[in-house]
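Okay, structure25.txt is below, compact mmCIF, C-alpha atoms:
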```
# COMPACT_ATOMS: atom_id res chain seq x y z
CA MET A 1 80.18 145.13 73.75
CA GLN A 2 76.52 144.67 74.63
CA PRO A 3 75.80 140.97 75.42
CA PHE A 4 72.39 139.50 74.56
CA THR A 5 71.28 137.65 77.67
CA ALA A 6 69.21 134.48 78.05
CA LEU A 7 68.58 131.92 80.78
CA THR A 8 70.90 129.04 81.52
CA ARG A 9 70.27 125.94 83.60
CA ASP A 10 72.68 126.72 86.40
CA TRP A 11 71.12 130.04 87.39
CA PRO A 12 67.70 130.83 88.87
CA ALA A 13 65.15 131.77 86.21
CA SER A 14 64.28 134.95 88.10
CA ASP A 15 67.85 136.28 88.06
CA LEU A 16 68.22 139.14 85.57
CA SER A 17 72.00 138.79 85.57
CA VAL A 18 71.89 135.32 83.97
CA PRO A 19 74.48 135.17 81.14
CA VAL A 20 73.76 133.86 77.67
CA ARG A 21 74.84 130.45 76.49
CA PRO A 22 77.18 130.78 73.49
CA LYS A 23 74.84 128.76 71.27
CA ASP A 24 71.99 131.20 72.00
CA ARG A 25 73.82 134.30 70.81
CA ILE A 26 72.99 136.00 67.51
CA GLN A 27 76.27 135.45 65.71
CA ALA A 28 75.69 138.17 63.13
CA ILE A 29 75.85 140.88 65.81
CA ASP A 30 79.19 139.57 67.09
CA VAL A 31 80.57 139.30 63.54
CA LEU A 32 79.57 142.87 62.68
CA ARG A 33 81.03 144.15 65.94
CA GLY A 34 84.31 142.34 65.30
CA LEU A 35 84.56 143.76 61.77
CA ALA A 36 83.61 147.25 62.95
CA LEU A 37 86.39 147.07 65.53
CA PHE A 38 88.84 146.25 62.72
CA GLY A 39 87.86 149.46 60.95
CA VAL A 40 88.00 151.52 64.13
CA LEU A 41 91.46 150.12 64.91
CA MET A 42 92.89 150.91 61.47
CA VAL A 43 91.54 154.46 61.47
CA ASN A 44 92.84 155.06 65.00
CA LEU A 45 96.26 153.70 64.07
CA VAL A 46 96.68 155.69 60.88
CA THR A 47 95.29 159.02 62.09
CA GLU A 48 95.90 159.12 65.86
CA PHE A 49 98.36 156.58 67.27
CA ARG A 50 100.93 156.94 64.48
CA VAL A 51 100.88 160.75 64.33
CA SER A 52 99.10 163.67 65.99
CA VAL A 53 95.33 163.63 65.47
CA PHE A 54 95.65 167.15 64.05
CA GLN A 55 98.09 166.18 61.29
CA GLN A 56 95.27 164.90 59.07
CA PHE A 57 93.91 168.46 58.83
CA LEU A 58 97.21 169.86 57.51
CA PRO A 59 98.75 169.51 54.02
CA PRO A 60 101.51 166.89 53.74
CA ALA A 61 104.88 168.34 54.76
CA VAL A 62 106.91 165.90 52.65
CA ALA A 63 106.40 163.66 49.64
CA VAL A 64 104.55 160.46 50.59
CA PRO A 65 105.49 157.06 49.07
CA SER A 66 102.88 155.63 46.72
CA ILE A 67 102.19 152.64 49.00
CA ASP A 68 101.36 155.05 51.82
CA ARG A 69 99.08 157.09 49.54
CA ILE A 70 97.22 153.93 48.52
CA THR A 71 96.83 152.87 52.15
CA ASP A 72 95.68 156.35 53.16
CA THR A 73 93.11 156.34 50.36
CA PHE A 74 91.80 152.91 51.37
CA VAL A 75 91.42 153.86 55.04
CA SER A 76 89.82 157.24 54.38
CA THR A 77 87.49 155.96 51.64
CA PHE A 78 86.26 152.68 53.10
CA LEU A 79 86.85 152.86 56.86
CA GLU A 80 87.13 156.38 58.24
CA LEU A 81 83.83 157.42 59.89
CA LYS A 82 82.14 154.33 58.39
CA ALA A 83 83.46 151.85 60.96
CA ILE A 84 82.63 154.10 63.90
CA SER A 85 79.13 154.68 62.48
CA LEU A 86 78.59 150.92 62.33
CA PHE A 87 79.96 150.57 65.85
CA SER A 88 77.55 153.27 67.08
CA LEU A 89 74.62 151.55 65.39
CA LEU A 90 75.52 148.29 67.15
CA PHE A 91 75.82 150.07 70.50
CA GLY A 92 72.27 151.36 70.09
CA MET A 93 71.15 147.82 69.35
CA GLY A 94 72.89 146.70 72.52
CA LEU A 95 70.92 149.23 74.58
CA ALA A 96 67.68 147.90 73.09
CA ILE A 97 68.70 144.29 73.77
CA GLN A 98 69.45 145.03 77.42
CA PHE A 99 66.22 147.02 77.80
CA GLU A 100 64.22 144.15 76.32
CA HIS A 101 65.96 141.53 78.47
CA LEU A 102 65.24 143.38 81.68
CA GLY A 103 61.56 143.42 80.73
CA ASN A 104 59.18 144.91 83.27
CA SER A 105 61.62 144.67 86.16
CA GLU A 106 61.39 147.58 88.57
CA SER A 107 65.18 147.78 88.51
CA ARG A 108 65.44 148.03 84.71
CA LEU A 109 66.23 151.74 84.47
CA ARG A 110 68.52 151.63 87.51
CA LEU A 111 70.54 148.76 86.02
CA LEU A 112 70.85 150.45 82.64
CA VAL A 113 72.00 153.70 84.25
CA ARG A 114 74.51 151.77 86.35
CA ARG A 115 75.75 149.98 83.22
CA LEU A 116 76.44 153.28 81.49
CA ILE A 117 77.95 154.90 84.59
CA VAL A 118 80.41 152.00 84.85
CA LEU A 119 81.20 152.45 81.15
CA LEU A 120 81.77 156.16 81.79
CA VAL A 121 84.28 155.37 84.55
CA PHE A 122 86.13 152.97 82.23
CA GLY A 123 86.07 155.60 79.49
CA LEU A 124 87.47 158.39 81.68
CA ILE A 125 90.28 156.13 82.91
CA HIS A 126 91.05 155.12 79.33
CA MET A 127 90.92 158.70 78.01
CA CYS A 128 93.03 160.27 80.74
CA LEU A 129 95.53 157.55 81.57
CA ILE A 130 95.97 155.49 78.38
CA TRP A 131 94.86 157.24 75.17
CA ASN A 132 92.74 160.33 74.54
CA GLY A 133 91.15 159.02 71.32
CA ASP A 134 88.66 157.18 73.56
CA ILE A 135 85.06 156.58 72.38
CA LEU A 136 83.77 154.96 75.58
CA THR A 137 83.21 158.25 77.41
CA GLU A 138 81.13 159.66 74.58
CA TYR A 139 79.15 156.43 74.25
CA ALA A 140 78.37 156.38 77.95
CA LEU A 141 77.21 160.01 78.04
CA ILE A 142 75.18 159.80 74.83
CA GLY A 143 73.83 156.45 76.04
CA LEU A 144 72.43 158.16 79.14
CA VAL A 145 70.72 160.68 76.89
CA ALA A 146 69.31 157.82 74.78
CA LEU A 147 67.80 155.91 77.71
CA PRO A 148 64.45 157.81 77.83
CA PHE A 149 63.97 157.11 74.12
CA LEU A 150 63.81 153.38 74.89
CA TYR A 151 60.32 154.00 76.28
CA LEU A 152 59.10 155.69 73.07
CA PRO A 153 57.62 154.11 69.90
CA ASN A 154 59.64 153.52 66.76
CA ARG A 155 57.88 156.29 64.87
CA THR A 156 59.10 158.86 67.36
CA LEU A 157 62.64 157.46 67.36
CA ILE A 158 62.80 157.57 63.55
CA ALA A 159 61.60 161.18 63.49
CA VAL A 160 64.14 162.25 66.12
CA ALA A 161 66.97 160.33 64.40
CA LEU A 162 66.23 161.95 61.02
CA THR A 163 66.12 165.38 62.66
CA LEU A 164 69.48 164.75 64.33
CA PHE A 165 71.04 163.53 61.08
CA ALA A 166 69.80 166.68 59.31
CA PHE A 167 71.09 168.87 62.13
CA PHE A 168 74.50 167.18 62.03
CA ALA A 169 74.71 167.56 58.25
CA SER A 170 74.14 171.32 58.55
CA LEU A 171 76.17 171.86 61.72
CA ALA A 172 79.48 172.69 60.02
CA SER A 173 77.89 175.66 58.27
CA LEU A 174 76.30 176.89 61.50
CA LEU A 175 79.43 176.97 63.64
CA PRO A 176 81.66 180.06 63.74
CA PRO A 177 85.21 179.71 62.37
CA SER A 178 86.54 180.21 65.90
CA PHE A 179 85.08 176.83 66.89
CA TRP A 180 87.89 175.07 65.00
CA PRO A 181 91.60 175.29 65.89
CA THR A 182 93.65 177.50 63.60
CA GLN A 183 96.11 175.99 61.17
CA ALA A 184 99.02 177.62 62.98
CA TRP A 185 97.90 176.12 66.28
CA MET A 186 97.57 172.66 64.73
CA GLN A 187 101.01 172.90 63.16
CA GLN A 188 102.53 173.72 66.53
CA GLN A 189 100.54 170.93 68.18
CA VAL A 190 101.91 168.44 65.66
CA VAL A 191 105.48 169.59 66.39
CA ASP A 192 104.94 169.29 70.14
CA ALA A 193 103.29 165.87 69.80
CA ASN A 194 106.16 164.55 67.67
CA HIS A 195 108.60 165.54 70.38
CA ILE A 196 106.70 164.59 73.55
CA TYR A 197 104.89 161.43 72.44
CA ALA A 198 107.99 160.01 70.77
CA ASN A 199 110.51 160.88 73.48
CA GLY A 200 108.74 161.72 76.74
CA ASN A 201 108.29 159.50 79.76
CA TYR A 202 104.85 158.48 81.01
CA LEU A 203 104.31 161.67 83.04
CA ASP A 204 105.29 163.85 80.06
CA THR A 205 102.86 161.94 77.87
CA LEU A 206 100.13 162.11 80.50
CA ASN A 207 100.41 165.90 80.87
CA PHE A 208 100.38 166.45 77.11
CA ARG A 209 97.43 164.05 76.67
CA LEU A 210 95.39 165.94 79.27
CA ARG A 211 96.13 169.25 77.53
CA GLU A 212 94.96 167.80 74.22
CA ILE A 213 91.67 166.66 75.74
CA ARG A 214 90.57 170.28 76.13
CA ILE A 215 90.71 170.65 72.34
CA ILE A 216 89.32 167.21 71.52
CA LEU A 217 86.20 167.57 73.70
CA PRO A 218 84.53 170.20 71.46
CA LEU A 219 85.05 167.85 68.52
CA LEU A 220 83.25 165.09 70.44
CA VAL A 221 80.39 167.50 71.12
CA TYR A 222 80.30 168.27 67.40
CA ILE A 223 79.71 164.61 66.43
CA SER A 224 77.30 163.87 69.30
CA PRO A 225 74.11 164.48 67.23
CA ARG A 226 75.27 161.84 64.74
CA THR A 227 76.13 159.43 67.56
CA LEU A 228 72.73 159.82 69.22
CA ALA A 229 70.96 159.44 65.87
CA LEU A 230 72.83 156.18 65.25
CA PHE A 231 71.97 154.91 68.75
CA LEU A 232 68.28 155.58 68.11
CA THR A 233 68.49 153.93 64.69
CA GLY A 234 70.11 150.89 66.31
CA ILE A 235 67.21 150.66 68.76
CA VAL A 236 64.72 150.68 65.87
CA VAL A 237 66.75 148.09 63.94
CA TRP A 238 66.70 145.69 66.89
CA ARG A 239 62.97 146.17 67.46
CA SER A 240 62.28 145.51 63.78
CA GLY A 241 63.39 141.89 64.17
CA ILE A 242 65.80 142.03 61.24
CA PHE A 243 68.60 140.33 63.18
CA ARG A 244 66.33 137.75 64.77
CA SER A 245 64.61 136.80 61.52
CA PRO A 246 66.61 138.02 58.50
CA ALA A 247 64.68 135.75 56.12
CA THR A 248 61.51 137.71 56.83
CA HIS A 249 63.29 140.97 55.97
CA LYS A 250 65.44 139.79 53.04
CA HIS A 251 63.90 142.28 50.59
CA THR A 252 64.40 145.19 53.00
CA LEU A 253 68.00 144.15 53.64
CA SER A 254 68.69 143.94 49.91
CA CYS A 255 67.27 147.40 49.29
CA VAL A 256 69.22 148.96 52.17
CA ALA A 257 72.42 147.22 51.06
CA ILE A 258 72.11 148.47 47.47
CA LEU A 259 71.01 152.01 48.35
CA GLY A 260 73.44 152.34 51.23
CA LEU A 261 76.46 151.16 49.25
CA PHE A 262 75.51 153.20 46.18
CA MET A 263 74.55 156.44 47.92
CA GLY A 264 77.26 156.16 50.53
CA GLY A 265 79.85 155.42 47.86
CA CYS A 266 78.75 158.35 45.68
CA LEU A 267 78.73 160.80 48.59
CA THR A 268 82.14 159.57 49.75
CA ILE A 269 83.62 160.04 46.27
CA LEU A 270 82.11 163.52 45.97
CA ASP A 271 83.39 164.45 49.40
CA ARG A 272 86.91 163.35 48.49
CA ALA A 273 86.70 165.31 45.24
CA GLY A 274 86.43 168.53 47.23
CA PRO A 275 83.99 171.46 47.46
CA ASP A 276 84.89 172.89 44.03
CA PHE A 277 83.71 169.71 42.33
CA VAL A 278 80.19 169.96 43.83
CA SER A 279 79.88 173.75 43.70
CA GLY A 280 77.78 173.91 40.56
CA GLY A 281 74.97 172.18 38.68
CA PHE A 282 73.07 169.18 40.00
CA LEU A 283 75.87 168.10 42.33
CA GLN A 284 75.41 171.29 44.31
CA PHE A 285 72.16 169.89 45.69
CA LEU A 286 74.05 166.90 47.08
CA SER A 287 76.55 169.05 48.97
CA PRO A 288 74.47 169.24 52.21
CA LEU A 289 74.33 165.42 52.28
CA LEU A 290 78.09 164.86 52.13
CA PRO A 291 78.53 164.53 55.94
CA LEU A 292 76.04 161.63 55.87
CA GLY A 293 77.97 159.60 53.31
CA PRO A 294 79.75 157.50 55.99
CA VAL A 295 76.41 156.77 57.69
CA ALA A 296 74.83 155.57 54.44
CA LEU A 297 77.87 153.42 53.69
CA ALA A 298 77.77 151.94 57.21
CA PHE A 299 74.12 150.96 56.68
CA GLY A 300 75.12 149.38 53.36
CA TYR A 301 77.98 147.47 55.00
CA ALA A 302 75.74 146.15 57.79
CA SER A 303 72.95 145.04 55.44
CA ALA A 304 75.31 143.40 52.94
CA LEU A 305 77.16 141.52 55.67
CA LEU A 306 73.92 140.34 57.27
CA LEU A 307 72.78 139.02 53.89
CA LEU A 308 76.08 137.14 53.50
CA ILE A 309 75.84 135.69 57.00
CA ALA A 310 72.19 134.67 56.73
CA PHE A 311 71.99 133.37 53.18
CA THR A 312 75.43 132.31 51.91
CA ARG A 313 78.27 130.00 52.85
CA ALA A 314 80.31 133.08 53.64
CA ARG A 315 78.89 132.77 57.16
CA HIS A 316 81.54 130.15 57.92
CA ALA A 317 84.42 132.44 56.95
CA LEU A 318 82.87 135.49 58.59
CA GLY A 319 82.28 133.50 61.76
CA ILE A 320 85.96 133.83 62.69
CA PHE A 321 85.26 137.46 63.63
CA ALA A 322 82.53 136.57 66.15
CA PRO A 323 84.78 135.76 69.16
CA LEU A 324 86.62 139.07 68.80
CA GLY A 325 83.25 140.84 68.57
CA ARG A 326 82.07 139.15 71.77
CA MET A 327 85.18 140.53 73.49
CA ALA A 328 85.17 143.92 71.75
CA PHE A 329 85.49 145.90 75.00
CA THR A 330 88.53 143.92 76.15
CA ASN A 331 90.12 143.99 72.70
CA TYR A 332 89.55 147.73 72.33
CA ILE A 333 91.35 148.47 75.60
CA LEU A 334 94.11 145.99 74.76
CA GLN A 335 94.68 147.73 71.45
CA SER A 336 95.18 151.03 73.26
CA LEU A 337 97.63 149.46 75.70
CA ILE A 338 99.59 147.72 72.95
CA PHE A 339 99.84 150.66 70.57
CA SER A 340 100.47 153.31 73.20
CA TRP A 341 103.47 151.20 74.26
CA ILE A 342 104.62 150.83 70.66
CA PHE A 343 104.28 154.48 69.69
CA TYR A 344 104.93 156.47 72.89
CA GLY A 345 108.30 157.33 74.41
CA TYR A 346 107.78 155.26 77.56
CA GLY A 347 107.68 152.23 75.23
CA LEU A 348 109.29 151.82 71.82
CA GLY A 349 108.78 155.45 70.79
CA TYR A 350 107.73 154.93 67.16
CA PHE A 351 105.40 157.96 67.17
CA GLY A 352 105.80 159.92 63.92
CA ARG A 353 108.36 157.44 62.55
CA LEU A 354 106.25 154.87 60.66
CA GLY A 355 104.49 155.25 57.33
CA THR A 356 100.83 154.51 56.82
CA ALA A 357 101.43 151.14 55.11
CA GLN A 358 103.81 149.95 57.83
CA THR A 359 101.33 150.97 60.49
CA PHE A 360 98.48 149.24 58.66
CA MET A 361 100.43 145.97 58.52
CA LEU A 362 101.27 146.30 62.21
CA GLY A 363 97.58 146.73 62.95
CA MET A 364 96.71 143.68 60.84
CA THR A 365 99.21 141.61 62.82
CA VAL A 366 97.83 142.64 66.19
CA TYR A 367 94.24 142.20 65.01
CA ALA A 368 95.00 138.68 63.73
CA ALA A 369 96.58 137.82 67.09
CA GLN A 370 93.45 139.09 68.84
CA LEU A 371 91.27 136.91 66.61
CA ILE A 372 93.21 133.83 67.69
CA ALA A 373 93.41 134.83 71.35
CA SER A 374 89.68 135.68 71.55
CA ALA A 375 88.67 132.30 70.10
CA TRP A 376 91.00 130.52 72.54
CA TRP A 377 89.69 132.50 75.51
CA LEU A 378 86.00 132.00 74.76
CA ARG A 379 86.40 128.25 74.49
CA ARG A 380 87.14 128.37 78.21
CA TYR A 381 85.36 131.44 79.61
CA ARG A 382 81.97 133.07 79.21
CA PHE A 383 83.21 136.64 78.85
CA GLY A 384 86.27 138.69 78.12
CA PRO A 385 87.92 139.96 81.33
CA ILE A 386 86.60 143.53 81.01
CA GLU A 387 83.16 142.36 79.87
CA TRP A 388 83.06 140.19 83.01
CA LEU A 389 83.98 143.14 85.23
CA TRP A 390 81.45 145.38 83.47
CA ARG A 391 78.59 142.92 83.99
CA THR A 392 79.60 142.23 87.59
CA MET A 393 79.64 145.94 88.43
CA MET A 394 76.35 146.51 86.60
CA TYR A 395 74.40 143.78 88.38
CA GLY A 396 76.25 143.88 91.69
CA VAL A 397 76.48 140.09 91.40
CA ARG A 398 79.69 138.20 90.69
CA GLN A 399 79.24 136.75 87.22
CA PRO A 400 80.18 133.15 86.38
CA MET A 401 83.41 133.16 84.42
CA ILE A 402 84.25 129.52 83.68
CA LEU A 403 82.26 128.20 80.73
CA SER A 404 80.08 125.30 81.78
CA ARG A 405 79.61 122.39 79.39
CA ASP A 406 75.90 122.83 78.80
```
The structure in this file should be written as structure tokens.
Amino acid sequence: MQPFTALTRDWPASDLSVPVRPKDRIQAIDVLRGLALFGVLMVNLVTEFRVSVFQQFLPPAVAVPSIDRITDTFVSTFLELKAISLFSLLFGMGLAIQFEHLGNSESRLRLLVRRLIVLLVFGLIHMCLIWNGDILTEYALIGLVALPFLYLPNRTLIAVALTLFAFFASLASLLPPSFWPTQAWMQQQVVDANHIYANGNYLDTLNFRLREIRIILPLLVYISPRTLALFLTGIVVWRSGIFRSPATHKHTLSCVAILGLFMGGCLTILDRAGPDFVSGGFLQFLSPLLPLGPVALAFGYASALLLLIAFTRARHALGIFAPLGRMAFTNYILQSLIFSWIFYGYGLGYFGRLGTAQTFMLGMTVYAAQLIASAWWLRRYRFGPIEWLWRTMMYGVRQPMILSRD
């Protein structure tokens, strides 16, 4: 979602809005973004589009087929909170890339603020009018908070990020029980959602969506320390040069991959085992770290994938995800449009009627179609349609859309 810009021959060298040539992009960033979007899509489908977002916090009302249990376990173990953590890390990298590209320009801060304000407008439209599981609004607001940190050294950013991670890990124990919705309220919300989302017209859905936002917003505030910490970590990662010169950092990448996958995997397993399992002995000391399991696993995913892209032939297979990653903004919005039509009453009305496995396969089908469509589009155009609009509104200059043969 954050393009890395460089000069091209058909634009003046002094123009900050010059778009990157495809051959000058860092493919690994696009690949990771495309894969992260796959995880985000599957989690959104299983936990929010298919059923009420609050259903996951309630015990199952009926027996679940084994294929659905397996799919649920896969999504919750390997994707839930991990994909969005990776996506947040990449967004922080994007902020650092834009900051670096704009250099010492007097308009640097103004352009970055405008970029995030435009994103905020997109996010509010998406949240209110299309689907209230939106992440764009949070990213825009937390991005504005992160902007001053771009002027600070890495040591300060690392210290602040670690403090925020520690604060997030302890936050659940600090909040009063009244912060969370009651089980009775969530049960009623699920009943109402099953009726309105599955059968209501667009206005019915819109009114119910806006009512839900009042409850969802505190949850977004709850995860904001983790989001900001990941943004700051992404800034440090970009500055470190790991993505520009992975060979120089191969040992570091290997260590992060091993530790991230091992620690993240252990914490995820312990978290799924439940509080009783970690209530005594040595495991009790790991209990405060459980909320950070997805973050550790996301770091492990990113490092392992970068090693595969930089040093193995797997780069050719993984490269198919790069076009979708370059158009992540457009594809994210398209996913919301497609699945809101499939699941809501003003479309096909499948809300609450599909199992997890069926929904997962539906998501795979749409994602595969987006892979093909993104590759086709980017052979002809520089940006996805929404990326083009975002850049144009940021710079106040109409961006070139047709891909020149340079």
With a distance cut-off of 12 Å and all atoms listed in the file, select the neighbouring residues of Gly94 of chain A, excluding the residue or stretch itself and same-chain residues fewer than 6 positions from it, and output the selection as a VMD selection string. chain A and resid 1 to 5 26 29 to 30 33 87 to 88 100 to 101 112 115 to 116 139 143 146 to 147 150 230 to 239 326
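Nearest to Leu95 of chain A of all the residues A:Val46, A:Val145, A:Leu171, A:Leu32 is A:Val145, counting all atoms listed in the file.
Among the candidates A:Tyr332, A:Tyr151, A:Phe351, A:Phe91, the residue lying nearest to Gly200 of chain A is A:Phe351 (atoms considered: only C-alpha atoms).
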Please compute the atom CA of Val51 of chain A-atom CA of Asn207 of chain A distance, one decimal, in Å.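 Separation between atom CA of Val51 of chain A and atom CA of Asn207 of chain A: 17.3 Å.
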Residue with smallest distance to Leu389 of chain A - pool A:Arg209, A:Pro246, A:Val118, A:Leu259, counting only C-alpha atoms: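 Closest residue, counting only C-alpha atoms: A:Val118.
For the set A:His316, A:Gly396, A:Thr182, A:Trp390, the residue with the smallest atom-to-atom gap to Leu119 of chain A is A:Trp390, counting only C-alpha atoms.
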Contacts of segment 377-382 of chain A at 6 Å or less, counting all atoms listed in the file, minus same-chain residues fewer than 2 places along, as a list in words?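 My reading of the contact set: Ser374, Ala375, Met401, Ile402 and Leu403 of chain A.
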